[in-house]
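**Student:** Okay, so here is upload.cif, and as you'll see once you scroll down, it has mmCIF, C-alpha atoms.
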```cif
data_run
loop_
_atom_site.label_atom_id
_atom_site.label_comp_id
_atom_site.auth_asym_id
_atom_site.auth_seq_id
_atom_site.Cartn_x
_atom_site.Cartn_y
_atom_site.Cartn_z
CA MET A 61 35.55 70.12 23.93
CA ALA A 62 33.17 69.88 21.01
CA GLU A 63 29.38 69.60 21.17
CA LEU A 64 28.48 66.42 19.29
CA THR A 65 25.51 64.17 18.88
CA TYR A 66 25.83 60.62 20.14
CA ALA A 67 25.91 59.40 16.52
CA ALA A 68 28.61 61.90 15.55
CA ALA A 69 30.70 60.94 18.58
CA ILE A 70 30.68 57.32 17.42
CA ARG A 71 31.44 58.32 13.82
CA GLU A 72 34.39 60.49 14.83
CA THR A 73 35.73 57.75 17.07
CA LEU A 74 35.58 55.26 14.21
CA ARG A 75 37.36 57.79 12.00
CA ARG A 76 40.13 58.40 14.53
CA GLU A 77 40.65 54.72 15.25
CA MET A 78 40.80 53.90 11.54
CA ARG A 79 43.38 56.63 11.01
CA ARG A 80 45.39 55.41 14.00
CA ASP A 81 45.35 51.71 13.16
CA PRO A 82 45.22 50.42 9.56
CA ASP A 83 43.98 47.05 10.85
CA VAL A 84 40.63 48.57 11.89
CA PHE A 85 37.92 48.14 9.26
CA LEU A 86 34.11 48.26 9.14
CA LEU A 87 31.59 45.66 7.98
CA GLY A 88 27.83 45.96 7.77
CA GLU A 89 24.68 46.24 5.73
CA ASP A 90 24.40 49.60 3.91
CA ILE A 91 27.22 51.18 5.93
CA GLY A 92 28.96 52.58 2.84
CA VAL A 93 27.14 55.05 0.57
CA TYR A 94 24.01 55.02 2.73
CA GLY A 95 25.97 55.45 5.96
CA GLY A 96 24.20 52.73 7.93
CA ALA A 97 20.58 52.47 9.05
CA PHE A 98 20.98 55.49 11.37
CA GLY A 99 23.68 57.38 9.46
CA VAL A 100 26.45 56.63 11.94
CA THR A 101 29.06 55.67 9.31
CA LYS A 102 28.13 58.41 6.84
CA GLY A 103 31.19 59.83 5.07
CA LEU A 104 33.65 57.15 6.17
CA LEU A 105 33.54 55.40 2.78
CA ASP A 106 34.80 58.58 1.09
CA GLU A 107 37.85 58.74 3.35
CA PHE A 108 38.76 55.09 3.74
CA GLY A 109 37.40 53.43 0.58
CA PRO A 110 35.52 50.15 0.05
CA GLU A 111 38.37 47.97 1.32
CA ARG A 112 37.93 49.32 4.85
CA VAL A 113 34.24 50.30 4.78
CA ARG A 114 32.55 47.23 3.41
CA SER A 115 28.84 47.13 2.72
CA THR A 116 27.67 43.55 2.86
CA PRO A 117 24.68 41.42 1.87
CA ILE A 118 21.99 40.83 4.49
CA SER A 119 23.48 37.91 6.39
CA GLU A 120 24.35 38.55 10.02
CA ALA A 121 25.77 35.05 10.50
CA ALA A 122 28.15 35.56 7.58
CA LEU A 123 29.10 39.02 8.87
CA VAL A 124 30.05 37.82 12.32
CA GLY A 125 31.74 34.69 10.98
CA VAL A 126 33.88 36.66 8.50
CA ALA A 127 34.73 39.24 11.14
CA THR A 128 35.71 36.54 13.64
CA GLY A 129 38.05 34.98 11.09
CA ALA A 130 39.55 38.37 10.26
CA ALA A 131 40.10 39.07 13.95
CA LEU A 132 41.83 35.74 14.44
CA LEU A 133 44.20 36.70 11.62
CA GLY A 134 45.13 39.99 13.29
CA LEU A 135 42.66 42.57 11.96
CA ARG A 136 40.26 44.60 14.12
CA PRO A 137 36.81 44.44 12.53
CA VAL A 138 33.95 46.65 13.71
CA VAL A 139 30.65 45.13 12.59
CA GLU A 140 27.37 47.06 12.49
CA ILE A 141 24.35 44.85 13.14
CA MET A 142 21.48 46.95 11.78
CA PHE A 143 19.11 46.15 14.67
CA MET A 144 19.94 44.31 17.88
CA ASP A 145 17.06 41.94 17.15
CA PHE A 146 19.09 40.58 14.23
CA LEU A 147 21.86 39.32 16.52
CA THR A 148 19.70 36.26 16.93
CA LEU A 149 20.75 35.31 13.39
CA ALA A 150 24.44 35.33 14.38
CA MET A 151 24.26 33.64 17.78
CA ASP A 152 26.14 30.52 16.76
CA GLN A 153 29.03 32.47 15.27
CA LEU A 154 29.15 34.83 18.25
CA LEU A 155 28.51 32.59 21.24
CA ASN A 156 29.89 29.25 20.09
CA HIS A 157 32.91 30.58 18.24
CA ALA A 158 34.02 34.22 18.70
CA THR A 159 33.63 34.24 22.49
CA LYS A 160 35.24 30.82 22.98
CA PHE A 161 38.44 30.91 20.93
CA ARG A 162 40.47 32.70 23.59
CA TYR A 163 39.49 30.08 26.17
CA VAL A 164 40.03 27.14 23.83
CA TYR A 165 43.35 28.24 22.31
CA GLY A 166 44.76 30.51 25.02
CA PRO A 167 47.44 32.99 23.95
CA GLN A 168 47.46 31.57 20.42
CA ALA A 169 44.12 33.25 19.69
CA ARG A 170 42.92 36.82 19.98
CA VAL A 171 39.50 37.94 18.77
CA PRO A 172 39.49 41.77 18.73
CA LEU A 173 35.95 42.00 17.38
CA VAL A 174 33.42 44.79 18.04
CA LEU A 175 29.73 44.38 17.28
CA ARG A 176 27.95 47.75 17.23
CA THR A 177 24.19 47.54 17.31
CA PRO A 178 21.19 49.88 17.78
CA ALA A 179 18.75 48.65 20.42
CA GLY A 180 15.57 49.68 22.15
CA GLY A 181 12.15 51.07 21.29
CA GLY A 182 10.47 54.44 21.25
CA ARG A 183 10.31 54.79 17.46
CA SER A 184 7.38 52.50 16.66
CA TYR A 185 9.49 49.96 14.78
CA GLY A 186 7.43 47.05 16.07
CA ALA A 187 8.13 43.80 17.87
CA THR A 188 11.13 42.59 15.83
CA HIS A 189 13.03 45.91 15.57
CA SER A 190 12.69 47.39 19.06
CA GLN A 191 14.05 44.89 21.53
CA SER A 192 16.64 45.39 24.26
CA LEU A 193 18.32 41.98 24.42
CA GLU A 194 21.49 42.87 26.33
CA ALA A 195 20.52 40.70 29.32
CA TRP A 196 20.96 37.62 27.14
CA PHE A 197 24.62 38.44 26.65
CA LEU A 198 25.45 38.78 30.34
CA HIS A 199 25.09 35.02 30.35
CA ALA A 200 27.78 34.51 27.70
CA PRO A 201 31.28 34.15 29.22
CA GLY A 202 33.94 35.61 26.94
CA LEU A 203 31.88 38.58 25.75
CA LYS A 204 32.10 42.14 27.11
CA VAL A 205 29.03 44.40 26.90
CA ALA A 206 29.19 48.22 26.72
CA THR A 207 26.07 50.40 26.98
CA PRO A 208 27.09 54.10 26.87
CA ALA A 209 24.45 56.72 27.66
CA THR A 210 26.25 59.94 26.65
CA PRO A 211 28.21 61.07 23.57
CA ALA A 212 31.41 61.36 25.62
CA ASP A 213 31.09 57.85 27.01
CA ALA A 214 30.22 56.52 23.55
CA ALA A 215 33.50 57.93 22.25
CA LYS A 216 35.61 56.77 25.20
CA LEU A 217 34.12 53.29 25.48
CA LEU A 218 34.22 52.65 21.74
CA ARG A 219 37.94 53.41 21.75
CA THR A 220 38.38 50.87 24.52
CA ALA A 221 36.26 48.33 22.66
CA ILE A 222 38.21 48.63 19.42
CA ARG A 223 41.55 48.27 21.21
CA ASP A 224 40.40 45.27 23.27
CA ASP A 225 41.69 41.87 22.21
CA ASN A 226 38.37 40.20 23.07
CA PRO A 227 34.86 40.38 21.56
CA VAL A 228 32.81 43.39 22.66
CA LEU A 229 29.09 43.98 22.14
CA PHE A 230 28.56 47.75 21.88
CA VAL A 231 24.90 48.62 22.44
CA GLU A 232 23.60 51.98 21.11
CA HIS A 233 20.02 52.93 21.99
CA LYS A 234 18.22 54.45 19.01
CA LEU A 235 16.81 57.33 21.05
CA LEU A 236 20.33 58.39 22.03
CA TYR A 237 21.64 59.02 18.50
CA ALA A 238 20.27 62.59 18.35
CA THR A 239 21.19 63.53 21.92
CA THR A 240 24.07 65.96 22.31
CA GLY A 241 26.89 66.50 24.75
CA GLU A 242 30.44 67.70 25.10
CA VAL A 243 33.08 65.29 23.84
CA PRO A 244 36.82 65.81 24.40
CA GLU A 245 38.79 66.52 21.24
CA ASP A 246 40.90 63.40 21.69
CA PRO A 247 39.20 61.39 24.47
CA GLU A 248 41.11 58.85 26.47
CA PRO A 249 39.75 55.30 26.35
CA GLU A 250 37.48 54.60 29.33
CA PRO A 251 38.31 51.35 31.14
CA PHE A 252 35.40 48.92 31.21
CA GLY A 253 33.79 48.11 34.57
CA ARG A 254 33.68 51.62 36.04
CA ALA A 255 30.20 52.98 36.68
CA ALA A 256 29.59 56.73 36.92
CA ILE A 257 27.65 58.51 39.65
CA LEU A 258 25.77 61.14 37.67
CA ARG A 259 23.82 62.58 40.59
CA GLU A 260 24.53 62.38 44.30
CA GLY A 261 21.65 61.49 46.62
CA ARG A 262 20.83 60.27 50.10
CA ASP A 263 17.39 58.63 49.91
CA VAL A 264 17.51 55.96 47.20
CA THR A 265 19.92 54.54 44.62
CA LEU A 266 18.78 54.43 41.00
CA VAL A 267 20.93 52.09 38.88
CA ALA A 268 20.49 52.45 35.13
CA TYR A 269 22.33 52.24 31.81
CA SER A 270 21.95 53.39 28.21
CA HIS A 271 18.72 55.36 27.59
CA GLY A 272 17.44 54.31 30.99
CA THR A 273 20.02 56.64 32.52
CA LEU A 274 18.28 59.66 30.99
CA LEU A 275 14.95 58.44 32.36
CA ALA A 276 16.47 57.94 35.81
CA LEU A 277 17.89 61.47 35.79
CA GLU A 278 14.51 62.87 34.72
CA ALA A 279 12.80 61.00 37.55
CA ALA A 280 15.45 62.17 40.03
CA ARG A 281 14.82 65.81 39.08
CA GLU A 282 11.08 65.33 39.55
CA LEU A 283 11.58 63.67 42.94
CA SER A 284 13.97 66.38 44.08
CA GLY A 285 11.06 68.82 43.89
CA GLU A 286 9.36 66.67 46.52
CA GLY A 287 12.39 66.62 48.79
CA ILE A 288 13.52 63.14 47.71
CA GLU A 289 17.16 63.01 46.65
CA ALA A 290 17.98 60.02 44.45
CA GLU A 291 21.51 58.95 43.64
CA VAL A 292 21.75 58.05 39.94
CA ILE A 293 24.37 55.53 38.77
CA ASP A 294 25.10 54.89 35.11
CA LEU A 295 26.65 51.43 34.80
CA ARG A 296 28.24 52.21 31.39
CA THR A 297 29.28 48.55 30.94
CA LEU A 298 27.29 45.48 31.94
CA VAL A 299 30.24 43.10 31.49
CA PRO A 300 32.30 43.78 33.49
CA LEU A 301 29.77 45.06 36.04
CA ASP A 302 30.80 47.59 38.67
CA THR A 303 29.08 46.17 41.74
CA VAL A 304 31.44 48.06 44.07
CA THR A 305 30.01 51.47 43.13
CA VAL A 306 26.45 50.13 43.30
CA CYS A 307 26.88 48.50 46.71
CA ASP A 308 28.69 51.54 48.15
CA SER A 309 25.73 53.68 47.11
CA VAL A 310 23.22 51.25 48.62
CA ARG A 311 25.17 51.30 51.88
CA LYS A 312 24.64 55.08 51.88
CA THR A 313 20.98 55.31 50.80
CA GLY A 314 19.58 51.99 52.08
CA ARG A 315 17.27 51.64 49.07
CA LEU A 316 17.66 50.38 45.51
CA VAL A 317 15.62 50.72 42.32
CA THR A 318 17.02 49.36 39.02
CA VAL A 319 16.03 50.76 35.63
CA GLU A 320 16.23 48.99 32.28
CA GLU A 321 14.33 48.78 29.01
CA GLY A 322 14.64 45.04 28.60
CA ALA A 323 11.85 42.71 29.66
CA TYR A 324 11.30 42.42 33.41
CA THR A 325 11.87 38.69 33.82
CA GLY A 326 15.51 37.61 33.77
CA GLY A 327 16.71 41.15 33.13
CA VAL A 328 19.84 43.09 34.01
CA GLY A 329 18.10 44.42 37.10
CA ALA A 330 17.66 40.91 38.43
CA GLU A 331 21.42 40.38 38.27
CA ILE A 332 22.12 43.68 40.05
CA VAL A 333 19.62 42.92 42.78
CA ALA A 334 21.14 39.47 43.31
CA ARG A 335 24.62 40.92 43.71
CA VAL A 336 23.46 43.63 46.11
CA CYS A 337 21.70 40.98 48.19
CA GLU A 338 24.95 38.99 48.28
CA GLU A 339 27.18 41.90 49.21
CA ALA A 340 25.10 44.60 50.93
CA TYR A 341 21.85 43.01 52.06
CA GLU A 342 22.21 44.16 55.66
CA TYR A 343 22.20 47.81 54.55
CA LEU A 344 18.80 47.64 52.82
CA ASP A 345 15.99 49.46 54.63
CA ALA A 346 13.29 48.48 52.13
CA PRO A 347 12.66 45.80 49.51
CA VAL A 348 14.51 46.40 46.23
CA ARG A 349 12.42 47.16 43.15
CA ARG A 350 12.94 46.82 39.40
CA VAL A 351 11.57 49.10 36.68
CA ALA A 352 11.62 47.38 33.27
CA ALA A 353 9.53 46.70 30.18
CA LEU A 354 6.51 44.47 30.50
CA ASP A 355 7.00 40.81 29.56
CA VAL A 356 5.31 41.21 26.18
CA PRO A 357 6.51 41.88 22.60
CA ILE A 358 7.07 45.58 21.88
CA PRO A 359 3.91 46.94 20.19
CA PHE A 360 3.92 48.92 16.95
CA SER A 361 1.29 51.38 18.20
CA PRO A 362 3.01 54.42 19.79
CA VAL A 363 0.44 54.51 22.57
CA LEU A 364 0.84 50.83 23.42
CA GLU A 365 4.62 50.98 23.01
CA ARG A 366 4.78 53.78 25.57
CA ALA A 367 2.63 51.74 27.94
CA VAL A 368 4.94 48.72 27.66
CA LEU A 369 8.29 50.51 27.96
CA PRO A 370 9.41 52.09 31.24
CA GLN A 371 8.98 55.86 31.54
CA ALA A 372 10.41 58.41 33.96
CA GLY A 373 7.05 58.56 35.72
CA ASP A 374 7.20 54.82 36.41
CA ILE A 375 10.59 55.27 38.07
CA ALA A 376 9.39 58.19 40.21
CA ARG A 377 6.29 56.27 41.29
CA THR A 378 8.36 53.23 42.21
CA VAL A 379 10.72 55.35 44.30
CA ARG A 380 7.78 56.84 46.20
CA GLU A 381 6.53 53.33 46.94
CA VAL A 382 9.97 52.25 48.17
CA LEU A 383 10.13 55.26 50.49
CA ARG A 384 6.59 54.83 51.83
CA PRO A 385 6.59 53.92 55.53
CA ALA A 386 5.72 50.28 56.17
#
```
Have the structure of the file written as structure tokens, please.

**Tutor:**
Amino acid sequence: MAELTYAAAIRETLRREMRRDPDVFLLGEDIGVYGGAFGVTKGLLDEFGPERVRSTPISEAALVGVATGAALLGLRPVVEIMFMDFLTLAMDQLLNHATKFRYVYGPQARVPLVLRTPAGGGRSYGATHSQSLEAWFLHAPGLKVATPATPADAAKLLRTAIRDDNPVLFVEHKLLYATTGEVPEDPEPEPFGRAAILREGRDVTLVAYSHGTLLALEAARELSGEGIEAEVIDLRTLVPLDTVTVCDSVRKTGRLVTVEEGAYTGGVGAEIVARVCEEAYEYLDAPVRRVAALDVPIPFSPVLERAVLPQAGDIARTVREVLRPA
């Protein structure tokens, strides 16, 4: 095991996959000499050269279109979209083309395309550089969505994403890049659709993903001091979604609180709640609750940004409300 940052775990995974498979190459704005907006691809240009680490002009639509064409021809492009907000500029290429070719052409077409993108707030980047838009992509058949919370999962899930023959959106929260954790020397790919129970509990189920997982764990530690034991589930991938692990936990605890950084309305939590109500409603002892960002643009001001985005204290307070006797 090696102690790596989240960013280094992704970088080393890209390096290993590029060494393993000559068809893997990188595309993105400033990913070469500069190493990408958050330094994730730093040093890869020196090893693999400009043919496989291609810095591109600022045009997300062109990036995704070129990568989709390359994937159809047998290559395995990994595209870095500098901020998740900028995916809006490539929606036609992604949702009307890349995600549909397999359905339209069947076994004649494979689109092994990975879109890596930093998401989320907490760094005062303002309303157009801080969004968590992953909920939009749950509604796009043909696209898988990975949201790792730890360096080890980032390495394992990225391996799976690169080797997948279908488009994968790989969401990396900006606040996770500097976090550290043990990563196996040569990690096995982690199958998509398997959530992880990070903390066992009996009183309430907290379902989270990405940076929200760290907040949920922080809240669970705080609540434990009050005698409340929360079970914390990290979804790891949103498509496919592991509803079995979530519903099994709800059957044990009888209570559910979802945690996400995206906007409250129409969020990932809403989908989880709907599925729990379909499959485990009779086990609920209290109304389900969702902790999410407010339905407003993300402010630039650090004070206002913190007020809009969910915090560990919000999760703990919500759990106390769920556990309060009627």

**Student:** Any chance you could work out the residue set of the PyMOL selection byres ((chain A and resi 119-121) around 9) here, as a list in words?

**Tutor:** Gly88, Glu89, Thr116, Pro117, Ile118, Ala122, Leu123, Val124, Gly125, Val126, Ile141, Phe146, Leu147, Thr148, Leu149, Ala150, Met151, Asp152, Gln153 and Leu154 of chain A

**Student:** Might you spell out which residues the PyMOL selection byres ((chain A and resi 284) around 12) would select in the displayed file, as a list of chain:residue names?

**Tutor:**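 This file gives the following for the PyMOL selection byres ((chain A and resi 284) around 12): A:Arg259, A:Glu260, A:Gly261, A:Arg262, A:Asp263, A:Val264, A:Leu277, A:Glu278, A:Ala279, A:Ala280, A:Arg281, A:Glu282, A:Leu283, A:Gly285, A:Glu286, A:Gly287, A:Ile288, A:Glu289, A:Ala290, A:Glu291, A:Ala376, A:Val379, A:Arg380.
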
**Student:** Apply the PyMOL selection byres ((chain A and resi 293) around 9) to the structure shown and report the selected residues as number ranges by chain.

**Tutor:** A: 255-260, 265-269, 273, 276, 291-292, 294-296, 305-306, 309

**Student:** Per residue of region 299-320 of chain A within 9 Å of region 350-374 of chain A, which atom pair is closest and at what distance in Å (one decimal), using all atoms listed in the file, listed by chain and increasing number, as JSON lines?

**Tutor:**
```
{"residue": "A:Leu316", "atom": "CA", "partner": "A:Arg350", "partner_atom": "CA", "distance": 8.5}
{"residue": "A:Val317", "atom": "CA", "partner": "A:Arg350", "partner_atom": "CA", "distance": 5.6}
{"residue": "A:Thr318", "atom": "CA", "partner": "A:Arg350", "partner_atom": "CA", "distance": 4.8}
{"residue": "A:Val319", "atom": "CA", "partner": "A:Val351", "partner_atom": "CA", "distance": 4.9}
{"residue": "A:Glu320", "atom": "CA", "partner": "A:Ala352", "partner_atom": "CA", "distance": 5.0}
```

**Student:** With C-alpha atoms retained, could you export that selection as a compact mmCIF listing (two decimals), keeping the file's coordinate frame?

**Tutor:**
```txt
# COMPACT_ATOMS: atom_id res chain seq x y z
CA LEU A 316 17.66 50.38 45.51
CA VAL A 317 15.62 50.72 42.32
CA THR A 318 17.02 49.36 39.02
CA VAL A 319 16.03 50.76 35.63
CA GLU A 320 16.23 48.99 32.28
```

**Student:** For the atom pair CA of Met61 (chain A) and CA of Asp246 (chain A), what is the interatomic distance in Å to one decimal place?

**Tutor:** 8.9 Å

**Student:** Which residues come within 6 Å of Thr65 (chain A), counting all atoms listed in the file, excluding same-chain residues fewer than 3 positions away, as a VMD selection string?

**Tutor:** chain A and resid 68 238 to 240

**Student:** List the spatial neighbours of Ser115 (chain A) as a VMD selection string - criterion: any atom at most 8 Å away, all atoms listed in the file, same-chain residues fewer than 3 positions off excluded.

**Tutor:** chain A and resid 87 to 92 110

**Student:** What are the closest atom pairs, with distances in Å to one decimal, for all residues of region 75-174 of chain A lying within 10 Å of region 219-228 of chain A? Consider only C-alpha atoms, order rows by chain and residue number, and present the result as a tab-separated table.

**Tutor:**
```
residue	atom	partner	partner_atom	distance
A:Arg76	CA	A:Arg219	CA	9.0
A:Glu77	CA	A:Arg219	CA	7.2
A:Met78	CA	A:Ile222	CA	9.8
A:Asp81	CA	A:Arg223	CA	9.5
A:Val84	CA	A:Ile222	CA	7.9
A:Thr128	CA	A:Pro227	CA	8.8
A:Ala131	CA	A:Asp225	CA	8.9
A:Leu132	CA	A:Asp225	CA	9.9
A:Gly134	CA	A:Asp225	CA	9.7
A:Arg136	CA	A:Ile222	CA	7.0
A:Pro137	CA	A:Ile222	CA	8.2
A:Val138	CA	A:Ile222	CA	7.4
A:Leu154	CA	A:Pro227	CA	8.6
A:Ala158	CA	A:Pro227	CA	6.8
A:Thr159	CA	A:Pro227	CA	6.3
A:Lys160	CA	A:Pro227	CA	9.7
A:Phe161	CA	A:Asn226	CA	9.5
A:Arg162	CA	A:Asn226	CA	7.8
A:Ala169	CA	A:Asp225	CA	9.3
A:Arg170	CA	A:Asp225	CA	5.7
A:Val171	CA	A:Asn226	CA	5.0
A:Pro172	CA	A:Asp225	CA	4.1
A:Leu173	CA	A:Pro227	CA	4.6
A:Val174	CA	A:Val228	CA	4.9
```

**Student:** Excluding same-chain residues fewer than 3 positions from Lys216 (chain A), what lies within 7 Å of it counting all atoms listed in the file, as a PyMOL selection string?

**Tutor:** chain A and resi 212-213+219-220+247-250

**Student:** For Met142 (chain A), please output as a list of chain:residue names all residues within 7 Å (counting all atoms listed in the file; exclusion window: fewer than 2 positions along the same chain).

**Tutor:**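 That gives A:Glu89, A:Ala97, A:Glu140, A:Met144, A:Thr177, A:Pro178.
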
**Student:** Mind dumping the selected residues with C-alpha atoms as a CSV table (one decimal), keeping the file's coordinate frame?

**Tutor:**
```
chain,number,residue,atom,x,y,z
A,89,GLU,CA,24.7,46.2,5.7
A,97,ALA,CA,20.6,52.5,9.0
A,140,GLU,CA,27.4,47.1,12.5
A,144,MET,CA,19.9,44.3,17.9
A,177,THR,CA,24.2,47.5,17.3
A,178,PRO,CA,21.2,49.9,17.8
```

**Student:** Figure out the distance between CA of Asp345 (chain A) and CA of Gly272 (chain A), please, to one decimal in Å.

**Tutor:**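 Here the two named atoms are 24.2 Å from each other.
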
**Student:** From the list A:Gly99, A:Gly253, A:Gly327, A:Gly314, which residue is nearest Pro208 (chain A) when using all atoms listed in the file?

**Tutor:**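 For Pro208 (chain A), the nearest of the candidates is A:Gly253.
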
**Student:** Skip Ser190 (chain A) itself and residues of its chain fewer than 4 positions away, then list as a PyMOL selection string all residues within 8 Å of it, counting all atoms listed in the file.

**Tutor:** chain A and resi 143-145+179-186+358

**Student:** Rebuild region 317-338 of chain A to N, CA and C atoms - output it as a CSV table (one decimal), in the frame of the given file, please.

**Tutor:**
```csv
chain,number,residue,atom,x,y,z
A,317,VAL,N,16.6,50.9,43.4
A,317,VAL,CA,15.6,50.7,42.3
A,317,VAL,C,16.5,50.6,41.1
A,318,THR,N,16.3,49.5,40.3
A,318,THR,CA,17.0,49.4,39.0
A,318,THR,C,16.1,49.8,37.9
A,319,VAL,N,16.8,50.2,36.8
A,319,VAL,CA,16.0,50.8,35.6
A,319,VAL,C,16.6,50.1,34.4
A,320,GLU,N,15.8,49.6,33.6
A,320,GLU,CA,16.2,49.0,32.3
A,320,GLU,C,15.1,49.0,31.3
A,321,GLU,N,15.4,48.8,30.0
A,321,GLU,CA,14.3,48.8,29.0
A,321,GLU,C,14.0,47.4,28.6
A,322,GLY,N,14.9,46.4,28.9
A,322,GLY,CA,14.6,45.0,28.6
A,322,GLY,C,13.5,44.5,29.4
A,323,ALA,N,13.0,43.3,29.0
A,323,ALA,CA,11.8,42.7,29.7
A,323,ALA,C,12.2,42.4,31.1
A,324,TYR,N,11.2,42.5,31.9
A,324,TYR,CA,11.3,42.4,33.4
A,324,TYR,C,11.9,41.1,33.9
A,325,THR,N,11.4,40.0,33.3
A,325,THR,CA,11.9,38.7,33.8
A,325,THR,C,13.3,38.3,33.3
A,326,GLY,N,14.2,38.0,34.2
A,326,GLY,CA,15.5,37.6,33.8
A,326,GLY,C,16.3,38.8,33.3
A,327,GLY,N,16.0,40.0,33.7
A,327,GLY,CA,16.7,41.2,33.1
A,327,GLY,C,18.0,41.5,33.9
A,328,VAL,N,18.6,42.6,33.4
A,328,VAL,CA,19.8,43.1,34.0
A,328,VAL,C,19.6,43.5,35.5
A,329,GLY,N,18.4,44.0,35.7
A,329,GLY,CA,18.1,44.4,37.1
A,329,GLY,C,18.1,43.2,38.1
A,330,ALA,N,17.7,42.1,37.6
A,330,ALA,CA,17.7,40.9,38.4
A,330,ALA,C,19.1,40.5,38.9
A,331,GLU,N,20.0,40.7,38.0
A,331,GLU,CA,21.4,40.4,38.3
A,331,GLU,C,22.0,41.4,39.3
A,332,ILE,N,21.6,42.7,39.1
A,332,ILE,CA,22.1,43.7,40.0
A,332,ILE,C,21.5,43.4,41.4
A,333,VAL,N,20.3,43.2,41.5
A,333,VAL,CA,19.6,42.9,42.8
A,333,VAL,C,20.3,41.7,43.5
A,334,ALA,N,20.5,40.7,42.7
A,334,ALA,CA,21.1,39.5,43.3
A,334,ALA,C,22.5,39.8,43.9
A,335,ARG,N,23.3,40.6,43.2
A,335,ARG,CA,24.6,40.9,43.7
A,335,ARG,C,24.6,41.8,44.9
A,336,VAL,N,23.6,42.8,44.9
A,336,VAL,CA,23.5,43.6,46.1
A,336,VAL,C,23.0,42.8,47.3
A,337,CYS,N,22.1,41.8,47.1
A,337,CYS,CA,21.7,41.0,48.2
A,337,CYS,C,22.9,40.1,48.7
A,338,GLU,N,23.8,39.8,47.8
A,338,GLU,CA,25.0,39.0,48.3
A,338,GLU,C,25.9,39.8,49.1
```
